[in-house]
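**Q** One structure follows; several queries about it will come next.
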Amino acid sequence: MTPDLTSIFATLRPLYSRHAGKCVVLADTPDRYWLGTHEVRARDGYRTDFGGVQIGKAYVSAHLMAVYIHPDMLADLSPELRKRMQGKSCFNFKKPDAQLFDELSRVVAAGIARFQDDGRL
């Protein structure tokens, strides 16, 4: 892990950890912080993921399943944050960006609200 990635992880982790009381903490390690919902899937017994942050080889990934389940949440994303998307629910960061991190914080909070409305939290 490079110091830059560790620093990005340390900045992004609180965007999720501040909501830990509403979720179930599934992982809390130096390179991965992951939240699940209270909903347990009947077919396999696993919890539905809410999302989290983890350090990869070349970037830090922030995952948010709410934008996958509710794609309308993507409508108001800035073009800059949208450029960081990989797949349908993952945002990758190679360097710190306070403006994008602030926007992601709002999206995570909106995801919590949507999952509460859905009865998942």
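Quick note on naming: the chains in the structure tokens go A, B, ... in the order shown, residues restart at 1 in each chain, and ligands are numbered from 1 in order of appearance.
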Could you list, as a PDB file with C-alpha atoms, in the first residue's frame, every residue within 8 Å of segment 23-31 of chain A, counting only C-alpha atoms and ignoring same-chain residues fewer than 3 positions away?

**A**
ATOM      1  CA  THR A   6      -3.663   4.827   2.718  1.00  0.00           C
ATOM      2  CA  PHE A   9      -8.713   5.309   2.455  1.00  0.00           C
ATOM      3  CA  HIS A  19     -23.465   5.403   9.306  1.00  0.00           C
ATOM      4  CA  ALA A  20     -22.319   2.212  11.068  1.00  0.00           C
ATOM      5  CA  TRP A  34     -17.546  -2.628   4.582  1.00  0.00           C
ATOM      6  CA  LEU A  35     -21.161  -2.184   5.658  1.00  0.00           C
ATOM      7  CA  GLY A  36     -24.127  -4.464   5.126  1.00  0.00           C
ATOM      8  CA  THR A  37     -27.824  -4.005   5.630  1.00  0.00           C
ATOM      9  CA  HIS A  38     -30.007  -5.767   8.156  1.00  0.00           C
ATOM     10  CA  PHE A  50     -24.611  -1.344   1.551  1.00  0.00           C
ATOM     11  CA  GLN A  54     -11.149  -0.708   0.118  1.00  0.00           C
ATOM     12  CA  ILE A  55      -7.583  -0.257  -1.029  1.00  0.00           C
ATOM     13  CA  LEU A 121     -31.878  -0.531   7.195  1.00  0.00           C
TER      14      LEU A 121
END

**Q** Can you tell me how far atom CA of Pro71 of chain A sits from atom CA of Leu12 of chain A, in Å to one decimal?

**A**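 Result for atom CA of Pro71 of chain A versus atom CA of Leu12 of chain A: 21.8 Å, one decimal.
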
**Q** Identify, with DSSP run on backbone atoms, the residues in segment 31-74 of chain A assigned to strand (DSSP E), and express the list as a list in words.

**A**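 Residues meeting the strand (DSSP E) criterion: Arg32, Tyr33, Trp34, Leu35, Gly36, Thr37, His38, Glu39, Val40, Arg47, Thr48, Asp49, Phe50, Gly51, Gly52, Val53, Gln54, Ile55, Val60, Ser61, Ala62, His63 and Leu64 of chain A.
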
**Q** Would you put the residues from that selection into a file with C-alpha atoms, as a short mmCIF file (atom, residue, chain, number, x, y, z; two decimals), in the first residue's frame?

**A**
data_model
loop_
_atom_site.label_atom_id
_atom_site.label_comp_id
_atom_site.auth_asym_id
_atom_site.auth_seq_id
_atom_site.Cartn_x
_atom_site.Cartn_y
_atom_site.Cartn_z
CA ARG A 32 -11.18 -2.53 3.92
CA TYR A 33 -14.23 -1.08 5.62
CA TRP A 34 -17.55 -2.63 4.58
CA LEU A 35 -21.16 -2.18 5.66
CA GLY A 36 -24.13 -4.46 5.13
CA THR A 37 -27.82 -4.01 5.63
CA HIS A 38 -30.01 -5.77 8.16
CA GLU A 39 -31.66 -7.60 5.25
CA VAL A 40 -30.53 -11.22 4.92
CA ARG A 47 -26.59 -9.81 4.04
CA THR A 48 -27.30 -7.31 1.30
CA ASP A 49 -24.27 -5.04 0.96
CA PHE A 50 -24.61 -1.34 1.55
CA GLY A 51 -21.07 -0.63 0.41
CA GLY A 52 -17.73 0.45 1.69
CA VAL A 53 -14.21 1.40 0.83
CA GLN A 54 -11.15 -0.71 0.12
CA ILE A 55 -7.58 -0.26 -1.03
CA VAL A 60 -9.03 3.12 -3.56
CA SER A 61 -12.52 1.92 -4.42
CA ALA A 62 -15.68 3.27 -2.84
CA HIS A 63 -18.68 1.01 -3.42
CA LEU A 64 -22.29 2.03 -2.98
#

**Q** Counting only C-alpha atoms, which residue out of A:Leu15, A:Leu81, A:Ala10, A:Ala75 sits closest to Ala109 of chain A?

**A**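 Among the listed residues, the smallest separation from Ala109 of chain A belongs to A:Leu15.
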
**Q** Report, in Å to a single decimal, how far apart atom CA of Asp102 of chain A and atom CA of Gly21 of chain A are.

**A**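 Result for atom CA of Gly21 of chain A versus atom CA of Asp102 of chain A: 20.8 Å, one decimal.
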
**Q** Pick out the closest residue to Asp117 of chain A from this set: A:His70, A:Ser78, A:Lys95, A:Thr11. Count only C-alpha atoms.

**A** A:His70

**Q** Pick from A:Lys94, A:Glu80, A:Ile8, A:Ser89: nearest to Val67 of chain A, with only C-alpha atoms counted?

**A**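 Closest candidate: A:Ser89.
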
**Q** Find the residues around Leu74 of chain A up to 12 Å (only C-alpha atoms counted), leave out those fewer than 5 positions away in its own chain, and share them as a list of chain:residue names.

**A**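 Answer for this query is A:Leu64, A:Met65, A:Ala66, A:Val67, A:Tyr68, A:Ile69, A:Pro79, A:Leu81, A:Arg82, A:Lys83, A:Met85, A:Lys88, A:Ser89, A:Cys90, A:Phe91, A:Glu103, A:Leu104, A:Arg106, A:Val107, A:Val108, A:Ala110, A:Gly111.
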
**Q** Could you pull out the alpha helix (DSSP H) residues of chain A from DSSP and send them as a PyMOL selection string?

**A** chain A and resi 3-17+65-69+79-83+98-118

**Q** Report the distance between atom CA of Leu100 of chain A and atom CA of Asp76 of chain A in Å, rounded to one decimal place.

**A**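 It comes out at 13.1 Å.
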